[in-house]
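Reviewing the structure listed below.
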Amino acid sequence: MALADQLASVLIPEAQLQARIRELADRISADYADRTPLLVSVLKGAVYFMADLTRAISVPITMDFMAITSYGPGQGASGAVRLIKDLDEEISGRHVLLVEDIIDTGLTAAYLLRILGARDPASLRICTLLDKTARRIVDTLPIDYRGFEIPDVFVVGYGLDYRQLYRNLPFIGVLRTDPAAPPP
Ligand code: IMP
């Protein structure tokens, strides 16, 4: 069965995704006009967003990547996160923009902000493609750039996975079966 046939619906079609990313990139280009921001993103979910966003930004930037694992039930909802790949670059004095695929409870982003904030960046902001506000636990995140606010559904595609699958869909879709539901 083709990947797209396993979905209940398309939540954000590719054209809408790309149009919104260009808008975010224009705002970032204007806001960081006289600086060279360091865009930091988290493997693997944010890679497509990072690739499209950075190509649409018109000011000089550098980029770096981190990798983390989340423990516990609910896709990291326990908030227990471990760093498995750190940044290559020093961020002291840099204008850092954390690029996220999705913010759900906010616990992962809060953990990353703590790590990055302790390294003395000149500024630290968040750009997230998707924002699932209904499940937010940490509500003090500096989300300066937000692509779409989405309802409390489990989404896949454009980097987001369910058991490592569906990342390569070029749009955001909703799975036919809810992964949070108990097994049949
Ligand atoms: P948090 O709850 O904000 O800490 O989000 C933790 C992580 O859960 C995110 O970075 C995603 O990797 C994952 N996640 C949350 N909601 C979804 C979803 O709807 N689809 C796929 N992954 C999700």
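Residue numbers start at 1 in each chain; chains themselves are named A, B, ... in the order of the structure tokens; ligands are numbered from 1 in the order shown.
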
Cut-off 7 Å: closest chain A/ligand 1 atom pairs per residue, using only C-alpha atoms and all ligand atoms, as a tab-separated table:
residue	atom	partner	partner_atom_place_in_ligand_line	distance
A:Gly45	CA	ligand 1	12 (O)	6.2
A:Gln75	CA	ligand 1	8 (O)	4.4
A:Gly76	CA	ligand 1	6 (C)	4.8
A:Ala77	CA	ligand 1	2 (O)	4.7
A:Gly79	CA	ligand 1	4 (O)	6.1
A:Asp101	CA	ligand 1	10 (O)	6.5
A:Ile102	CA	ligand 1	9 (C)	5.5
A:Ile103	CA	ligand 1	3 (O)	4.0
A:Asp104	CA	ligand 1	3 (O)	3.4
A:Thr105	CA	ligand 1	2 (O)	3.6
A:Gly106	CA	ligand 1	3 (O)	3.5
A:Leu107	CA	ligand 1	4 (O)	4.1
A:Thr108	CA	ligand 1	4 (O)	3.7
A:Ala109	CA	ligand 1	4 (O)	6.2
A:Val153	CA	ligand 1	19 (O)	5.9
A:Phe154	CA	ligand 1	19 (O)	3.4
A:Val155	CA	ligand 1	19 (O)	4.0
A:Val156	CA	ligand 1	20 (N)	5.2
A:Leu160	CA	ligand 1	21 (C)	4.9
A:Asp161	CA	ligand 1	21 (C)	5.3
A:Tyr162	CA	ligand 1	21 (C)	6.2

For the residues in that selection, give me C-alpha atoms as a compact mmCIF listing (two decimals), in the first residue's frame.
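Dumped to out.txt:
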# COMPACT_ATOMS: atom_id res chain seq x y z
CA GLY A 45 12.09 15.38 12.56
CA GLN A 75 6.39 10.46 22.24
CA GLY A 76 8.51 12.14 24.86
CA ALA A 77 5.67 13.41 26.99
CA GLY A 79 10.01 15.02 29.44
CA ASP A 101 9.22 20.45 13.73
CA ILE A 102 6.49 20.34 16.37
CA ILE A 103 5.96 21.56 19.91
CA ASP A 104 3.49 19.45 21.83
CA THR A 105 3.84 19.46 25.65
CA GLY A 106 6.82 21.80 25.25
CA LEU A 107 9.02 19.67 27.51
CA THR A 108 11.54 18.83 24.79
CA ALA A 109 11.90 22.45 23.71
CA VAL A 153 -4.17 14.82 16.55
CA PHE A 154 -1.13 12.67 15.81
CA VAL A 155 0.40 13.93 12.58
CA VAL A 156 3.02 12.46 10.28
CA LEU A 160 7.45 13.66 11.41
CA ASP A 161 7.26 9.93 11.96
CA TYR A 162 5.24 7.14 13.45

- Enumerate as an MDAnalysis selection string all residues of chain A assigned to helix (DSSP H, G or I) by DSSP on the backbone, naming them with the chain letters and numbers the document uses. chainID A and resid 3:6 14:31 47:56 73:76 107:117 133:135

- Any chance you could list, as a PyMOL selection string, the residues in region 78-130 of chain A that come up strand (DSSP E or B) when DSSP is run on the backbone? chain A and resi 81-85+95-103+123-130

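Using only C-alpha atoms for every distance, the candidate list A:Ile91, A:Met63, A:Leu97, A:Ile84 yields A:Leu97 as the residue closest to Leu124 (chain A).
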
- CA of Pro121 (chain A) and CA of His95 (chain A), how far apart in Å? 6.2 Å

Quick one: everything within 9 Å of Thr36 (chain A), counting only C-alpha atoms, minus sequence neighbours fewer than 4 positions away in the same chain. Send it as a PDB file with all heavy atoms, in the first residue's frame.
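Writing done, so here's out15.pdb:
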ATOM      1  N   TYR A  32      16.581  39.402  11.270  1.00  0.00           N
ATOM      2  CA  TYR A  32      18.017  39.155  11.473  1.00  0.00           C
ATOM      3  C   TYR A  32      18.848  39.823  10.371  1.00  0.00           C
ATOM      4  O   TYR A  32      19.929  39.356  10.043  1.00  0.00           O
ATOM      5  CB  TYR A  32      18.305  37.651  11.492  1.00  0.00           C
ATOM      6  CG  TYR A  32      17.755  36.928  12.720  1.00  0.00           C
ATOM      7  CD1 TYR A  32      16.464  36.411  12.727  1.00  0.00           C
ATOM      8  CD2 TYR A  32      18.537  36.750  13.865  1.00  0.00           C
ATOM      9  CE1 TYR A  32      15.959  35.744  13.845  1.00  0.00           C
ATOM     10  CE2 TYR A  32      18.037  36.094  14.984  1.00  0.00           C
ATOM     11  CZ  TYR A  32      16.752  35.590  14.969  1.00  0.00           C
ATOM     12  OH  TYR A  32      16.257  34.940  16.071  1.00  0.00           O
ATOM     13  N   VAL A  59      19.298  36.185   4.296  1.00  0.00           N
ATOM     14  CA  VAL A  59      20.477  36.739   4.968  1.00  0.00           C
ATOM     15  C   VAL A  59      21.463  35.605   5.254  1.00  0.00           C
ATOM     16  O   VAL A  59      21.066  34.431   5.272  1.00  0.00           O
ATOM     17  CB  VAL A  59      20.103  37.460   6.293  1.00  0.00           C
ATOM     18  CG1 VAL A  59      19.171  38.620   6.013  1.00  0.00           C
ATOM     19  CG2 VAL A  59      19.475  36.491   7.301  1.00  0.00           C
ATOM     20  N   PRO A  60      22.754  35.936   5.477  1.00  0.00           N
ATOM     21  CA  PRO A  60      23.723  34.870   5.774  1.00  0.00           C
ATOM     22  C   PRO A  60      23.360  34.164   7.088  1.00  0.00           C
ATOM     23  O   PRO A  60      22.995  34.825   8.061  1.00  0.00           O
ATOM     24  CB  PRO A  60      25.057  35.610   5.932  1.00  0.00           C
ATOM     25  CG  PRO A  60      24.846  36.961   5.374  1.00  0.00           C
ATOM     26  CD  PRO A  60      23.386  37.267   5.460  1.00  0.00           C
ATOM     27  N   ILE A  61      23.452  32.871   7.078  1.00  0.00           N
ATOM     28  CA  ILE A  61      23.188  32.081   8.286  1.00  0.00           C
ATOM     29  C   ILE A  61      24.241  30.979   8.393  1.00  0.00           C
ATOM     30  O   ILE A  61      24.906  30.654   7.412  1.00  0.00           O
ATOM     31  CB  ILE A  61      21.801  31.396   8.253  1.00  0.00           C
ATOM     32  CG1 ILE A  61      21.696  30.454   7.028  1.00  0.00           C
ATOM     33  CG2 ILE A  61      20.654  32.381   8.231  1.00  0.00           C
ATOM     34  CD1 ILE A  61      21.150  29.105   7.378  1.00  0.00           C
ATOM     35  N   THR A  62      24.367  30.404   9.577  1.00  0.00           N
ATOM     36  CA  THR A  62      25.063  29.123   9.686  1.00  0.00           C
ATOM     37  C   THR A  62      24.077  28.154  10.324  1.00  0.00           C
ATOM     38  O   THR A  62      23.055  28.571  10.878  1.00  0.00           O
ATOM     39  CB  THR A  62      26.353  29.215  10.532  1.00  0.00           C
ATOM     40  OG1 THR A  62      26.025  29.645  11.851  1.00  0.00           O
ATOM     41  CG2 THR A  62      27.350  30.172   9.912  1.00  0.00           C
ATOM     42  N   ARG A  94      26.379  34.126  19.923  1.00  0.00           N
ATOM     43  CA  ARG A  94      25.647  33.982  18.645  1.00  0.00           C
ATOM     44  C   ARG A  94      24.152  34.218  18.842  1.00  0.00           C
ATOM     45  O   ARG A  94      23.600  33.994  19.912  1.00  0.00           O
ATOM     46  CB  ARG A  94      25.830  32.552  18.086  1.00  0.00           C
ATOM     47  CG  ARG A  94      27.257  32.179  17.733  1.00  0.00           C
ATOM     48  CD  ARG A  94      27.813  32.990  16.586  1.00  0.00           C
ATOM     49  NE  ARG A  94      26.987  32.952  15.384  1.00  0.00           N
ATOM     50  CZ  ARG A  94      27.072  31.990  14.448  1.00  0.00           C
ATOM     51  NH1 ARG A  94      27.915  31.005  14.581  1.00  0.00           N
ATOM     52  NH2 ARG A  94      26.303  32.059  13.377  1.00  0.00           N
ATOM     53  N   HIS A  95      23.510  34.653  17.774  1.00  0.00           N
ATOM     54  CA  HIS A  95      22.047  34.767  17.770  1.00  0.00           C
ATOM     55  C   HIS A  95      21.483  33.430  17.322  1.00  0.00           C
ATOM     56  O   HIS A  95      21.542  33.088  16.133  1.00  0.00           O
ATOM     57  CB  HIS A  95      21.611  35.905  16.859  1.00  0.00           C
ATOM     58  CG  HIS A  95      22.015  37.243  17.394  1.00  0.00           C
ATOM     59  ND1 HIS A  95      21.331  37.870  18.414  1.00  0.00           N
ATOM     60  CD2 HIS A  95      23.069  38.046  17.093  1.00  0.00           C
ATOM     61  CE1 HIS A  95      21.926  39.012  18.704  1.00  0.00           C
ATOM     62  NE2 HIS A  95      22.988  39.144  17.916  1.00  0.00           N
TER      63      HIS A  95
END

- Message: I'd like the interatomic distance between CA of Val174 (chain A) and CA of Val10 (chain A), to a tenth of an Å.
- Response: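 Spanning CA of Val174 (chain A) to CA of Val10 (chain A) is a straight-line distance of 6.2 Å.
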
- Name the residues in contact with Asn168 (chain A) at a cut-off of 8 Å, using only C-alpha atoms, excluding same-chain residues fewer than 5 positions from it; report them as a PyMOL selection string. chain A and resi 157-159

Hey, can you spit out that residue selection with N, CA, C and O atoms as a PDB file, in the first residue's frame?
ATOM      1  N   GLY A 157       4.543  12.964   8.483  1.00  0.00           N
ATOM      2  CA  GLY A 157       4.948  13.532   7.201  1.00  0.00           C
ATOM      3  C   GLY A 157       5.836  14.743   7.380  1.00  0.00           C
ATOM      4  O   GLY A 157       5.941  15.315   8.462  1.00  0.00           O
ATOM      5  N   TYR A 158       6.499  15.125   6.301  1.00  0.00           N
ATOM      6  CA  TYR A 158       7.387  16.280   6.284  1.00  0.00           C
ATOM      7  C   TYR A 158       8.352  16.222   7.483  1.00  0.00           C
ATOM      8  O   TYR A 158       8.529  17.174   8.216  1.00  0.00           O
ATOM      9  N   GLY A 159       8.923  15.036   7.684  1.00  0.00           N
ATOM     10  CA  GLY A 159       9.913  14.839   8.759  1.00  0.00           C
ATOM     11  C   GLY A 159       9.350  14.129   9.977  1.00  0.00           C
ATOM     12  O   GLY A 159      10.073  13.454  10.701  1.00  0.00           O
TER      13      GLY A 159
END

- Task: Select, from A:Val40, A:Ala51, A:Ala56, A:Ile150, the residue with the minimum atom-to-atom distance to Leu113 (chain A), counting only C-alpha atoms.
- Result: A:Val40

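Each of A:Thr69, A:Ala33, A:Pro151, A:Asp120 was checked against Ala134 (chain A) using only C-alpha atoms; the smallest atom-to-atom distance is that of A:Pro151.
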